[in-house]
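A.B. asks: This is the content of query.cif (mmCIF, C-alpha atoms (C1' of nucleotides)):
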data_input
loop_
_atom_site.label_atom_id
_atom_site.label_comp_id
_atom_site.auth_asym_id
_atom_site.auth_seq_id
_atom_site.Cartn_x
_atom_site.Cartn_y
_atom_site.Cartn_z
CA MET K 1 88.01 110.67 111.22
CA PRO K 2 91.01 108.93 109.68
CA THR K 3 89.09 105.77 109.09
CA GLU K 4 87.52 107.32 106.03
CA THR K 5 90.67 106.40 104.14
CA LYS K 6 90.26 102.77 105.11
CA ASP K 7 86.63 102.89 104.03
CA ARG K 8 87.60 104.40 100.71
CA ILE K 9 90.14 101.62 100.20
CA VAL K 10 87.60 98.90 100.90
CA THR K 11 84.83 100.36 98.76
CA THR K 12 87.20 100.91 95.85
CA THR K 13 88.59 97.41 96.19
CA ALA K 14 85.07 96.01 96.26
CA GLU K 15 84.23 97.80 93.03
CA LEU K 16 87.38 96.53 91.35
CA PHE K 17 86.83 92.97 92.56
CA ARG K 18 83.35 93.05 91.13
CA ARG K 19 84.49 94.12 87.69
CA GLN K 20 87.75 92.25 87.24
CA GLY K 21 88.16 89.90 90.17
CA TYR K 22 90.87 89.41 92.75
CA ASN K 23 93.94 88.56 90.73
CA ALA K 24 93.59 91.31 88.16
CA THR K 25 93.26 93.95 90.84
CA GLY K 26 96.64 95.34 91.90
CA ILE K 27 97.51 97.29 95.02
CA LYS K 28 98.74 100.14 92.85
CA GLN K 29 95.43 100.34 91.04
CA ILE K 30 93.54 100.36 94.33
CA VAL K 31 95.48 103.24 95.85
CA ASP K 32 95.26 105.20 92.61
CA GLU K 33 91.49 104.90 92.29
CA ALA K 34 90.87 105.30 96.00
CA ARG K 35 93.21 108.32 96.09
CA ALA K 36 94.79 106.75 99.10
CA PRO K 37 98.47 106.74 100.05
CA PHE K 38 100.27 103.55 99.26
CA GLY K 39 101.55 103.08 102.77
CA SER K 40 98.05 103.22 104.19
CA ILE K 41 97.25 99.88 102.65
CA TYR K 42 99.81 98.10 104.78
CA HIS K 43 99.02 100.25 107.77
CA PHE K 44 95.36 99.28 107.79
CA PHE K 45 95.88 95.80 106.39
CA PRO K 46 99.14 94.43 107.77
CA GLY K 47 98.24 91.08 106.29
CA GLY K 48 98.62 92.58 102.83
CA LYS K 49 96.45 91.91 99.85
CA GLU K 50 94.96 88.76 101.29
CA GLN K 51 93.70 90.53 104.40
CA LEU K 52 92.37 93.43 102.37
CA GLY K 53 90.67 90.89 100.13
CA ALA K 54 89.06 89.07 103.03
CA GLU K 55 87.75 92.25 104.62
CA THR K 56 86.47 93.48 101.29
CA ILE K 57 84.65 90.22 100.66
CA ARG K 58 82.96 90.34 104.04
CA TRP K 59 82.11 94.01 103.70
CA SER K 60 80.61 93.81 100.24
CA GLY K 61 78.88 90.58 101.18
CA ALA K 62 77.18 92.42 104.03
CA MET K 63 76.27 95.32 101.74
CA TYR K 64 74.73 93.12 99.12
CA GLY K 65 73.09 90.90 101.72
CA ALA K 66 71.36 93.96 103.15
CA LEU K 67 69.24 93.93 100.00
CA VAL K 68 67.40 90.88 101.28
CA PRO K 69 65.61 92.57 104.20
CA ALA K 70 65.44 95.83 102.24
CA ILE K 71 63.44 94.17 99.49
CA PHE K 72 61.65 91.31 101.24
CA ASP K 73 60.40 93.04 104.36
CA PRO K 74 58.39 95.84 102.74
CA ALA K 75 57.12 93.60 99.93
CA PRO K 76 53.50 92.42 100.02
CA ASP K 77 54.61 88.79 99.73
CA VAL K 78 57.74 86.75 99.15
CA VAL K 79 56.93 85.94 95.54
CA THR K 80 56.80 89.55 94.45
CA ALA K 81 59.90 90.17 96.56
CA VAL K 82 61.79 87.59 94.53
CA ARG K 83 60.57 89.15 91.30
CA THR K 84 61.65 92.59 92.52
CA PHE K 85 65.04 91.27 93.54
CA PHE K 86 65.84 89.69 90.19
CA ALA K 87 64.44 92.64 88.25
CA GLY K 88 66.54 95.05 90.27
CA ALA K 89 69.66 92.96 89.75
CA ALA K 90 68.98 92.93 86.01
CA ALA K 91 68.49 96.70 85.91
CA ASP K 92 71.67 97.40 87.86
CA LEU K 93 73.65 95.03 85.72
CA ALA K 94 72.50 96.57 82.46
CA ALA K 95 72.93 100.11 83.78
CA SER K 96 76.56 99.41 84.63
CA GLY K 97 77.36 98.04 81.19
CA TYR K 98 77.18 94.47 82.49
CA ALA K 99 79.92 95.05 85.03
CA ASP K 100 78.20 95.22 88.41
CA ALA K 101 76.83 91.80 89.17
CA CYS K 102 77.57 89.82 92.30
CA PRO K 103 80.40 91.42 94.26
CA ILE K 104 81.94 88.18 95.44
CA ALA K 105 81.19 85.41 92.95
CA THR K 106 84.18 86.20 90.75
CA VAL K 107 86.54 86.23 93.71
CA ALA K 108 84.92 83.11 95.13
CA LEU K 109 85.67 81.11 92.00
CA GLU K 110 89.18 82.51 91.70
CA VAL K 111 90.26 81.76 95.24
CA ALA K 112 88.21 78.71 96.21
CA SER K 113 91.06 76.31 95.53
CA VAL K 114 93.92 78.70 96.22
CA SER K 115 93.48 80.67 99.45
CA GLU K 116 91.75 79.20 102.45
CA PRO K 117 91.13 82.49 104.30
CA LEU K 118 89.55 84.05 101.23
CA ARG K 119 87.50 80.96 100.50
CA GLU K 120 86.21 81.00 104.06
CA ALA K 121 85.26 84.64 103.77
CA CYS K 122 83.19 83.85 100.68
CA ALA K 123 81.62 80.83 102.35
CA ASP K 124 80.65 82.93 105.37
CA VAL K 125 79.05 85.53 103.14
CA PHE K 126 77.00 82.92 101.30
CA ASP K 127 75.99 81.35 104.60
CA GLY K 128 74.74 84.72 105.80
CA TRP K 129 72.70 85.23 102.65
CA LEU K 130 71.16 81.78 102.88
CA GLU K 131 70.31 82.31 106.53
CA SER K 132 68.75 85.67 105.81
CA ALA K 133 66.74 84.44 102.85
CA SER K 134 65.61 81.32 104.70
CA GLU K 135 64.20 83.44 107.52
CA ARG K 136 61.98 85.33 105.11
CA LEU K 137 60.68 82.12 103.63
CA THR K 138 59.96 80.44 106.95
CA GLY K 139 58.28 83.70 107.92
CA ALA K 140 55.98 83.18 104.96
CA GLY K 141 54.96 79.82 106.31
CA ILE K 142 57.38 77.49 104.54
CA ALA K 143 58.89 74.65 106.51
CA LYS K 144 62.46 75.15 107.58
CA ARG K 145 63.97 72.44 105.46
CA ARG K 146 62.11 73.47 102.34
CA ALA K 147 62.92 77.11 103.01
CA ARG K 148 66.63 76.39 103.01
CA GLU K 149 66.35 74.48 99.74
CA LEU K 150 64.53 77.34 98.10
CA ALA K 151 67.03 79.85 99.47
CA ILE K 152 69.89 77.83 98.02
CA GLY K 153 68.02 77.64 94.75
CA MET K 154 67.46 81.38 94.67
CA VAL K 155 71.06 82.27 95.37
CA ALA K 156 72.33 79.67 92.92
CA ALA K 157 69.92 80.83 90.23
CA LEU K 158 70.95 84.42 90.79
CA GLU K 159 74.67 83.68 90.68
CA GLY K 160 74.39 81.47 87.64
CA ALA K 161 72.22 83.96 85.84
CA PHE K 162 74.85 86.61 86.54
CA VAL K 163 77.49 84.45 84.89
CA LEU K 164 75.39 83.98 81.76
CA ALA K 165 74.21 87.59 81.72
CA ARG K 166 77.68 89.10 81.93
CA ALA K 167 79.08 86.79 79.27
CA GLN K 168 76.19 87.33 76.88
CA ARG K 169 75.50 90.95 77.75
CA SER K 170 71.85 90.20 78.17
CA THR K 171 69.37 90.40 81.00
CA GLU K 172 67.43 87.44 79.69
CA PRO K 173 69.03 84.92 82.06
CA LEU K 174 68.10 87.05 85.06
CA ALA K 175 64.53 87.44 83.88
CA VAL K 176 64.15 83.72 83.23
CA ALA K 177 65.85 82.62 86.45
CA GLY K 178 63.77 85.08 88.46
CA GLU K 179 60.54 83.80 86.99
CA LEU K 180 61.57 80.20 87.54
CA MET K 181 62.31 80.80 91.19
CA ALA K 182 59.17 82.85 91.70
CA ASP K 183 57.16 79.93 90.34
CA ALA K 184 58.91 77.40 92.56
CA LEU K 185 58.38 79.64 95.54
CA GLN K 186 54.71 80.16 94.74
CA ARG K 187 54.12 76.44 94.75
CA ALA K 188 55.91 76.02 98.07
CA LEU K 189 53.68 78.51 99.86
CA PRO K 190 50.94 77.17 102.11
CA ALA K 191 47.48 77.39 100.59
CA MET Y 192 102.26 64.38 65.02
CA PRO Y 193 103.75 67.57 66.44
CA THR Y 194 100.30 68.93 67.21
CA GLU Y 195 100.26 66.83 70.35
CA THR Y 196 102.29 69.58 72.00
CA LYS Y 197 99.61 72.10 71.17
CA ASP Y 198 96.97 69.77 72.55
CA ARG Y 199 98.93 69.32 75.73
CA ILE Y 200 99.19 73.07 76.12
CA VAL Y 201 95.46 73.57 75.70
CA THR Y 202 94.42 70.76 78.01
CA THR Y 203 96.74 71.87 80.82
CA THR Y 204 95.66 75.47 80.35
CA ALA Y 205 92.07 74.34 80.63
CA GLU Y 206 92.80 72.52 83.85
CA LEU Y 207 94.56 75.55 85.31
CA PHE Y 208 91.79 77.92 84.25
CA ARG Y 209 89.28 75.72 85.95
CA ARG Y 210 91.11 75.70 89.26
CA GLN Y 211 92.50 79.22 89.49
CA GLY Y 212 91.09 81.24 86.63
CA TYR Y 213 92.66 83.22 83.83
CA ASN Y 214 94.68 85.88 85.61
CA ALA Y 215 96.34 83.61 88.12
CA THR Y 216 97.53 81.26 85.39
CA GLY Y 217 100.92 82.26 84.02
CA ILE Y 218 102.57 81.22 80.79
CA LYS Y 219 105.47 79.86 82.77
CA GLN Y 220 103.19 77.67 84.84
CA ILE Y 221 101.48 76.39 81.72
CA VAL Y 222 104.68 75.32 79.97
CA ASP Y 223 106.01 73.76 83.15
CA GLU Y 224 102.93 71.63 83.79
CA ALA Y 225 102.41 70.82 80.12
CA ARG Y 226 106.09 69.93 79.77
CA ALA Y 227 106.09 72.07 76.68
CA PRO Y 228 108.84 74.37 75.44
CA PHE Y 229 108.27 78.01 76.19
CA GLY Y 230 108.70 79.06 72.60
CA SER Y 231 105.98 76.70 71.46
CA ILE Y 232 103.35 78.84 73.14
CA TYR Y 233 104.07 81.76 70.85
CA HIS Y 234 104.57 79.49 67.91
CA PHE Y 235 101.11 77.94 68.18
CA PHE Y 236 99.44 81.02 69.61
CA PRO Y 237 100.99 84.10 68.02
CA GLY Y 238 98.31 86.19 69.68
CA GLY Y 239 99.82 85.36 73.04
CA LYS Y 240 97.97 84.59 76.21
CA GLU Y 241 94.70 86.06 74.99
CA GLN Y 242 94.60 83.79 71.94
CA LEU Y 243 95.57 80.77 74.00
CA GLY Y 244 92.83 81.75 76.44
CA ALA Y 245 90.21 82.06 73.73
CA GLU Y 246 91.06 78.71 72.17
CA THR Y 247 91.14 77.05 75.57
CA ILE Y 248 87.72 78.44 76.44
CA ARG Y 249 86.21 77.18 73.20
CA TRP Y 250 87.89 73.81 73.53
CA SER Y 251 86.90 73.13 77.10
CA GLY Y 252 83.45 74.51 76.38
CA ALA Y 253 83.07 71.93 73.65
CA MET Y 254 84.39 69.17 75.90
CA TYR Y 255 82.04 69.98 78.72
CA GLY Y 256 79.16 70.57 76.32
CA ALA Y 257 79.63 67.07 74.97
CA LEU Y 258 78.24 65.85 78.28
CA VAL Y 259 74.79 67.01 77.23
CA PRO Y 260 74.25 64.49 74.44
CA ALA Y 261 76.33 61.92 76.31
CA ILE Y 262 73.98 62.02 79.27
CA PHE Y 263 70.64 63.04 77.76
CA ASP Y 264 70.52 60.81 74.71
CA PRO Y 265 70.88 57.43 76.41
CA ALA Y 266 68.70 58.45 79.36
CA PRO Y 267 65.15 57.07 79.61
CA ASP Y 268 63.72 60.58 79.92
CA VAL Y 269 64.93 64.17 80.29
CA VAL Y 270 64.08 64.41 83.98
CA THR Y 271 66.35 61.55 84.97
CA ALA Y 272 68.95 62.96 82.59
CA VAL Y 273 68.95 66.22 84.54
CA ARG Y 274 69.27 64.35 87.80
CA THR Y 275 72.16 62.32 86.40
CA PHE Y 276 73.86 65.45 85.15
CA PHE Y 277 73.77 67.28 88.47
CA ALA Y 278 74.70 64.17 90.43
CA GLY Y 279 77.67 63.57 88.17
CA ALA Y 280 78.80 67.17 88.49
CA ALA Y 281 78.58 66.90 92.26
CA ALA Y 282 80.56 63.67 92.30
CA ASP Y 283 83.31 65.07 90.06
CA LEU Y 284 83.53 68.22 92.12
CA ALA Y 285 83.88 66.40 95.40
CA ALA Y 286 86.33 63.89 93.94
CA SER Y 287 88.62 66.70 92.81
CA GLY Y 288 88.63 68.36 96.22
CA TYR Y 289 86.16 70.97 95.03
CA ALA Y 290 88.42 72.19 92.26
CA ASP Y 291 86.93 70.86 89.05
CA ALA Y 292 83.64 72.62 88.49
CA CYS Y 293 82.70 74.54 85.36
CA PRO Y 294 85.73 75.01 83.13
CA ILE Y 295 84.79 78.46 81.92
CA ALA Y 296 82.65 80.22 84.54
CA THR Y 297 85.64 81.55 86.46
CA VAL Y 298 87.22 82.92 83.33
CA ALA Y 299 83.88 84.29 82.14
CA LEU Y 300 83.45 86.40 85.25
CA GLU Y 301 87.06 87.54 85.20
CA VAL Y 302 87.14 88.70 81.62
CA ALA Y 303 83.55 89.75 80.91
CA SER Y 304 84.31 93.43 81.43
CA VAL Y 305 87.95 93.36 80.43
CA SER Y 306 88.57 91.45 77.20
CA GLU Y 307 86.08 91.43 74.39
CA PRO Y 308 87.53 88.42 72.50
CA LEU Y 309 87.55 86.31 75.64
CA ARG Y 310 84.08 87.44 76.63
CA GLU Y 311 82.82 86.48 73.20
CA ALA Y 312 84.40 83.06 73.45
CA CYS Y 313 82.57 82.46 76.72
CA ALA Y 314 79.31 83.76 75.29
CA ASP Y 315 79.64 81.43 72.30
CA VAL Y 316 80.23 78.47 74.58
CA PHE Y 317 77.15 79.25 76.66
CA ASP Y 318 75.12 79.72 73.50
CA GLY Y 319 76.16 76.30 72.32
CA TRP Y 320 75.20 74.69 75.60
CA LEU Y 321 71.81 76.39 75.61
CA GLU Y 322 71.19 75.33 72.04
CA SER Y 323 72.16 71.76 72.77
CA ALA Y 324 70.08 71.55 75.92
CA SER Y 325 67.09 73.18 74.26
CA GLU Y 326 67.11 70.58 71.53
CA ARG Y 327 66.79 67.79 74.06
CA LEU Y 328 63.88 69.49 75.73
CA THR Y 329 61.98 70.21 72.53
CA GLY Y 330 62.67 66.61 71.61
CA ALA Y 331 60.80 65.65 74.76
CA GLY Y 332 57.77 67.57 73.60
CA ILE Y 333 58.34 70.94 75.25
CA ALA Y 334 57.52 74.05 73.23
CA LYS Y 335 60.51 75.89 71.82
CA ARG Y 336 60.15 79.03 73.90
CA ARG Y 337 59.63 77.15 77.14
CA ALA Y 338 62.49 74.80 76.30
CA ARG Y 339 64.88 77.71 76.00
CA GLU Y 340 63.75 79.10 79.34
CA LEU Y 341 64.29 75.78 81.04
CA ALA Y 342 67.68 75.39 79.39
CA ILE Y 343 68.74 78.79 80.67
CA GLY Y 344 67.45 77.86 84.09
CA MET Y 345 69.39 74.61 84.09
CA VAL Y 346 72.67 76.17 83.07
CA ALA Y 347 72.20 79.06 85.49
CA ALA Y 348 71.29 76.72 88.34
CA LEU Y 349 74.31 74.57 87.58
CA GLU Y 350 76.72 77.50 87.40
CA GLY Y 351 75.37 79.14 90.51
CA ALA Y 352 75.40 75.88 92.42
CA PHE Y 353 79.05 75.47 91.43
CA VAL Y 354 79.86 78.86 92.92
CA LEU Y 355 78.21 77.98 96.22
CA ALA Y 356 79.58 74.46 96.25
CA ARG Y 357 83.20 75.47 95.71
CA ALA Y 358 83.04 78.22 98.32
CA GLN Y 359 81.34 76.04 100.91
CA ARG Y 360 83.03 72.80 100.00
CA SER Y 361 79.71 71.04 99.91
CA THR Y 362 77.70 69.23 97.28
CA GLU Y 363 74.44 70.34 98.85
CA PRO Y 364 73.88 73.24 96.43
CA LEU Y 365 74.25 70.92 93.46
CA ALA Y 366 71.85 68.39 94.91
CA VAL Y 367 69.27 71.05 95.70
CA ALA Y 368 69.61 72.86 92.38
CA GLY Y 369 69.38 69.60 90.48
CA GLU Y 370 66.22 68.57 92.26
CA LEU Y 371 64.70 72.01 91.73
CA MET Y 372 65.34 71.90 88.01
CA ALA Y 373 64.18 68.31 87.72
CA ASP Y 374 60.88 69.34 89.30
CA ALA Y 375 60.46 72.35 87.03
CA LEU Y 376 61.21 70.18 84.04
CA GLN Y 377 58.79 67.47 85.13
CA ARG Y 378 55.99 70.00 85.26
CA ALA Y 379 56.82 71.34 81.83
CA LEU Y 380 56.55 67.95 80.18
CA PRO Y 381 53.38 67.20 78.18
CA ALA Y 382 50.95 64.92 79.99
"C1'" DC L 383 123.70 65.63 50.14
"C1'" DG L 384 121.51 70.33 50.70
"C1'" DC L 385 117.35 72.86 51.45
"C1'" DC L 386 113.30 74.25 53.54
"C1'" DT L 387 109.72 74.31 56.98
"C1'" DC L 388 108.07 73.20 61.44
"C1'" DC L 389 108.96 73.07 66.02
"C1'" DT L 390 111.89 73.29 70.11
"C1'" DA L 391 114.73 75.75 73.41
"C1'" DG L 392 115.68 79.28 76.45
"C1'" DA L 393 117.98 83.75 77.35
"C1'" DT L 394 116.44 88.19 77.94
"C1'" DA L 395 113.82 92.57 77.86
"C1'" DG L 396 110.65 95.74 80.01
"C1'" DA L 397 106.90 96.27 82.78
"C1'" DT L 398 104.42 95.29 86.84
"C1'" DC L 399 103.59 92.53 90.97
"C1'" DG L 400 103.17 92.56 96.30
"C1'" DC L 401 105.65 94.23 99.84
"C1'" DT L 402 109.20 96.54 103.06
"C1'" DC L 403 111.35 100.32 104.57
"C1'" DT L 404 112.35 105.06 106.27
"C1'" DA L 405 110.92 109.60 107.04
"C1'" DA L 406 107.74 113.22 107.51
"C1'" DT L 407 103.22 114.87 109.03
"C1'" DA L 408 98.80 115.18 111.82
"C1'" DG L 409 96.37 114.70 115.87
"C1'" DT L 410 95.79 113.62 120.73
"C1'" DC L 411 97.10 113.12 124.97
"C1'" DT L 412 99.58 114.72 129.77
"C1'" DA W 413 104.78 122.78 125.37
"C1'" DG W 414 106.42 118.18 124.84
"C1'" DA W 415 105.68 113.27 124.04
"C1'" DC W 416 103.45 109.82 121.78
"C1'" DT W 417 100.63 107.38 118.44
"C1'" DA W 418 98.31 107.20 114.04
"C1'" DT W 419 98.58 108.10 109.40
"C1'" DT W 420 100.61 109.71 105.12
"C1'" DA W 421 104.06 109.54 101.50
"C1'" DG W 422 106.67 107.16 98.27
"C1'" DA W 423 111.37 105.24 97.03
"C1'" DG W 424 112.94 100.95 96.10
"C1'" DC W 425 113.57 95.52 96.40
"C1'" DG W 426 113.16 91.05 94.65
"C1'" DA W 427 110.17 88.34 92.20
"C1'" DT W 428 107.27 87.40 88.44
"C1'" DC W 429 104.62 88.68 84.42
"C1'" DT W 430 104.02 88.55 79.15
"C1'" DA W 431 106.38 88.80 75.12
"C1'" DT W 432 110.36 89.02 71.83
"C1'" DC W 433 114.35 87.35 69.89
"C1'" DT W 434 117.93 84.32 68.14
"C1'" DA W 435 119.60 79.85 67.40
"C1'" DG W 436 119.40 74.96 66.96
"C1'" DG W 437 117.24 70.24 65.96
"C1'" DA W 438 113.94 67.13 63.27
"C1'" DG W 439 112.12 65.42 59.28
"C1'" DG W 440 110.45 65.51 54.37
"C1'" DC W 441 111.77 66.22 49.66
"C1'" DG W 442 114.57 67.60 45.69
#
Turn the structure described in the file into structure tokens.
C.D. replies:
Amino acid sequence: MPTETKDRIVTTTAELFRRQGYNATGIKQIVDEARAPFGSIYHFFPGGKEQLGAETIRWSGAMYGALVPAIFDPAPDVVTAVRTFFAGAAADLAASGYADACPIATVALEVASVSEPLREACADVFDGWLESASERLTGAGIAKRRARELAIGMVAALEGAFVLARAQRSTEPLAVAGELMADALQRALPA
Amino acid sequence: MPTETKDRIVTTTAELFRRQGYNATGIKQIVDEARAPFGSIYHFFPGGKEQLGAETIRWSGAMYGALVPAIFDPAPDVVTAVRTFFAGAAADLAASGYADACPIATVALEVASVSEPLREACADVFDGWLESASERLTGAGIAKRRARELAIGMVAALEGAFVLARAQRSTEPLAVAGELMADALQRALPA
DNA sequence: CGCCTCCTAGATAGATCGCTCTAATAGTCT
DNA sequence: AGACTATTAGAGCGATCTATCTAGGAGGCG
């Protein structure tokens, strides 16, 4: 299967985006770390770096978004699911030397005012996450409108905590944000 | 006063960082937009781009952090202050075409795993904000420990909401996050 | 006036950027 | 086998990046 090269390119790019963002990641660095031939980049992604970026954003957005059902569905209730989610994010972050946080937030901020296709890719990913999280909350008996608000709050709290955590090299923001959202969620649940 | 050139360099760099981040901002672009001579960059910032970046981070961090006393101190109570803060952030963001959000979050994510001096500058800025916000909350009668948690939550919610808002070109995340934090704060206040 | 320091001014170096191009190879059909 | 497409391989182009370097102008002070 020749597509394994393309996969290797995307996964490597995703890792690099996560650690250093879009602009600091060069094509040369990608092919080196992915052990892929230079020409393959433009064979698989004729649109160049921007197309590779867009596909990488959508791919890693889907990967990370898969954590929502993976954690929420087997959990006894949504509140413990939220706690598990934030705790897991904190553990992964610390284990990677405060490098592996959200795979698309860095790129999202970099490109939001610069590249419309990349901005849209980020927006679509966030939309998917919000949709997915909302479903779990409505499934727990929360009204649709309130569920969306809480989903937005959860994603925002997570992303913001990642920013603080990476800058300060501490998991405290993730712990605090997780607890805050768990509390808010608890209160929103039907009695 | 010849220092006005240096000021112009820092303020334009801050603006560029905010819109496109650290890596996408070139020295050439800075001197062009600041109408400053190229040589002045390395005269005022012998450490090059990294030193200019660090000073810009600290400067714009201080500028943005000044909003905390400016909004909290004249406000009737901390809850309405929080609402005002988030509403103002949303208004500024929309007015700038979703470009002017947090002046340092983009840079923070870009450099956190790449440049220790720049990471430290971001961490110091966040520390200052948390300190400043905590003071206002303890001043409202909230216990020190709880005040710090709420301050972290507020900054995280704001930063995360900025990420969502810029990607989706919507102020909804800021409105929701602001309301969520106002509620949490309300409940933490002494009866 | 001459001197000294601060700042301006920009040419230029050396490396790296994204990307294009051609050619060779691998794999799959008829 | 022969023909055709998909993929690999990397040399090289023009542009741009940060940074260095030299030289000149501005203003205070003897």
A.B. asks: For Ile295 in chain Y, work out the shell of residues within 7 Å, counting only C-alpha atoms (C1' of nucleotides) and skipping chain neighbours fewer than 3 positions away, then give it as a ChimeraX atom specification.
C.D. replies: /Y:209,248,252,298-299,313
A.B. asks: Once you count all atoms listed in the file, what closest atom pair and distance in Å to one decimal does each residue of chain K within 9 Å of chain W have, with rows by chain and rising residue number, as a Markdown table?
C.D. replies:
| residue | atom | partner | partner_atom | distance |
| --- | --- | --- | --- | --- |
| K:Pro2 | CA | W:DT419 | C1' | 7.6 |
| K:Ala36 | CA | W:DT420 | C1' | 8.9 |
| K:Pro37 | CA | W:DT420 | C1' | 6.3 |
| K:Phe38 | CA | W:DG422 | C1' | 7.4 |
| K:Gly39 | CA | W:DA421 | C1' | 7.0 |
| K:Ser40 | CA | W:DT420 | C1' | 7.0 |
| K:His43 | CA | W:DT419 | C1' | 8.0 |
A.B. asks: Given the choices Y:Leu376, Y:Ala215, Y:Ala245, Y:Ala281, which gets closest to chain K if the distance is worked out from all atoms listed in the file?
C.D. replies: Y:Ala215
A.B. asks: For chain K against chain Y, which residues fall within 7 Å using all atoms listed in the file, given as an NGL selection string?
C.D. replies: :K and (19-21 or 23-24 or 99 or 105-106 or 108-114 or 119 or 122-123 or 149 or 152-153 or 156-161 or 163-164 or 166-168 or 173 or 176-177)
A.B. asks: How would the residues just picked look written out with C-alpha atoms as a PDB file, keeping the file's coordinate frame?
C.D. replies:
ATOM      1  CA  ARG K  19      84.490  94.120  87.690  1.00  0.00           C
ATOM      2  CA  GLN K  20      87.750  92.250  87.240  1.00  0.00           C
ATOM      3  CA  GLY K  21      88.160  89.900  90.170  1.00  0.00           C
ATOM      4  CA  ASN K  23      93.940  88.560  90.730  1.00  0.00           C
ATOM      5  CA  ALA K  24      93.590  91.310  88.160  1.00  0.00           C
ATOM      6  CA  ALA K  99      79.920  95.050  85.030  1.00  0.00           C
ATOM      7  CA  ALA K 105      81.190  85.410  92.950  1.00  0.00           C
ATOM      8  CA  THR K 106      84.180  86.200  90.750  1.00  0.00           C
ATOM      9  CA  ALA K 108      84.920  83.110  95.130  1.00  0.00           C
ATOM     10  CA  LEU K 109      85.670  81.110  92.000  1.00  0.00           C
ATOM     11  CA  GLU K 110      89.180  82.510  91.700  1.00  0.00           C
ATOM     12  CA  VAL K 111      90.260  81.760  95.240  1.00  0.00           C
ATOM     13  CA  ALA K 112      88.210  78.710  96.210  1.00  0.00           C
ATOM     14  CA  SER K 113      91.060  76.310  95.530  1.00  0.00           C
ATOM     15  CA  VAL K 114      93.920  78.700  96.220  1.00  0.00           C
ATOM     16  CA  ARG K 119      87.500  80.960 100.500  1.00  0.00           C
ATOM     17  CA  CYS K 122      83.190  83.850 100.680  1.00  0.00           C
ATOM     18  CA  ALA K 123      81.620  80.830 102.350  1.00  0.00           C
ATOM     19  CA  GLU K 149      66.350  74.480  99.740  1.00  0.00           C
ATOM     20  CA  ILE K 152      69.890  77.830  98.020  1.00  0.00           C
ATOM     21  CA  GLY K 153      68.020  77.640  94.750  1.00  0.00           C
ATOM     22  CA  ALA K 156      72.330  79.670  92.920  1.00  0.00           C
ATOM     23  CA  ALA K 157      69.920  80.830  90.230  1.00  0.00           C
ATOM     24  CA  LEU K 158      70.950  84.420  90.790  1.00  0.00           C
ATOM     25  CA  GLU K 159      74.670  83.680  90.680  1.00  0.00           C
ATOM     26  CA  GLY K 160      74.390  81.470  87.640  1.00  0.00           C
ATOM     27  CA  ALA K 161      72.220  83.960  85.840  1.00  0.00           C
ATOM     28  CA  VAL K 163      77.490  84.450  84.890  1.00  0.00           C
ATOM     29  CA  LEU K 164      75.390  83.980  81.760  1.00  0.00           C
ATOM     30  CA  ARG K 166      77.680  89.100  81.930  1.00  0.00           C
ATOM     31  CA  ALA K 167      79.080  86.790  79.270  1.00  0.00           C
ATOM     32  CA  GLN K 168      76.190  87.330  76.880  1.00  0.00           C
ATOM     33  CA  PRO K 173      69.030  84.920  82.060  1.00  0.00           C
ATOM     34  CA  VAL K 176      64.150  83.720  83.230  1.00  0.00           C
ATOM     35  CA  ALA K 177      65.850  82.620  86.450  1.00  0.00           C
TER      36      ALA K 177
END
A.B. asks: Suppose you want the space between CA of Gly217 in chain Y and CA of Ile200 in chain Y; what is it in Å?
C.D. replies: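 Going from CA of Gly217 in chain Y over to CA of Ile200 in chain Y covers 12.2 Å.
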A.B. asks: For chain L against chain Y, with a cut-off of 9 Å and counting all atoms listed in the file, what is the closest atom pair and its distance in Å to one decimal for every residue that makes the cut, ordered by chain and number, as JSON lines?
C.D. replies:
{"residue": "L:DC388", "atom": "C1'", "partner": "Y:Pro193", "partner_atom": "CA", "distance": 8.7}
{"residue": "L:DC389", "atom": "C1'", "partner": "Y:Ser231", "partner_atom": "CA", "distance": 7.2}
{"residue": "L:DT390", "atom": "C1'", "partner": "Y:Pro228", "partner_atom": "CA", "distance": 6.2}
{"residue": "L:DA391", "atom": "C1'", "partner": "Y:Pro228", "partner_atom": "CA", "distance": 6.4}
{"residue": "L:DG392", "atom": "C1'", "partner": "Y:Phe229", "partner_atom": "CA", "distance": 7.5}
A.B. asks: Name the residues captured by the PyMOL selection byres ((chain Y and resi 272-275) around 9) when it is applied to the shown file; answer as a list in words.
C.D. replies: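 Checking the PyMOL selection byres ((chain Y and resi 272-275) around 9) against this file, the residues are Val259, Ile262, Phe263, Asp264, Pro265, Ala266, Pro267, Asp268, Val269, Val270, Thr271, Phe276, Phe277, Ala278, Gly279, Ala280, Met345, Ala366, Gly369, Glu370, Met372, Ala373 and Leu376 of chain Y.
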A.B. asks: In Å, with one decimal, what is the gap from CA of Gly319 in chain Y to CA of Tyr255 in chain Y?
C.D. replies: 10.7 Å
A.B. asks: Quick one: distance from CA of Lys219 in chain Y to CA of Lys240 in chain Y in Å, one decimal?
C.D. replies: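 Value for the CA of Lys219 in chain Y-CA of Lys240 in chain Y distance: 11.0 Å.
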A.B. asks: I'd like the residues picked by the PyMOL selection byres ((chain K and resi 14) around 8) written out as a VMD selection string, using the chain letters and numbers from the file.
C.D. replies: chain K and resid 10 to 13 15 to 18 56 to 57 60 103
A.B. asks: What do you get, as an MDAnalysis selection string, if you spell out every residue that the PyMOL selection byres ((chain L and resi 402) around 10) selects here?
C.D. replies: (chainID K and resid 42) or (chainID L and resid 400:401 403:404) or (chainID W and resid 424:425)
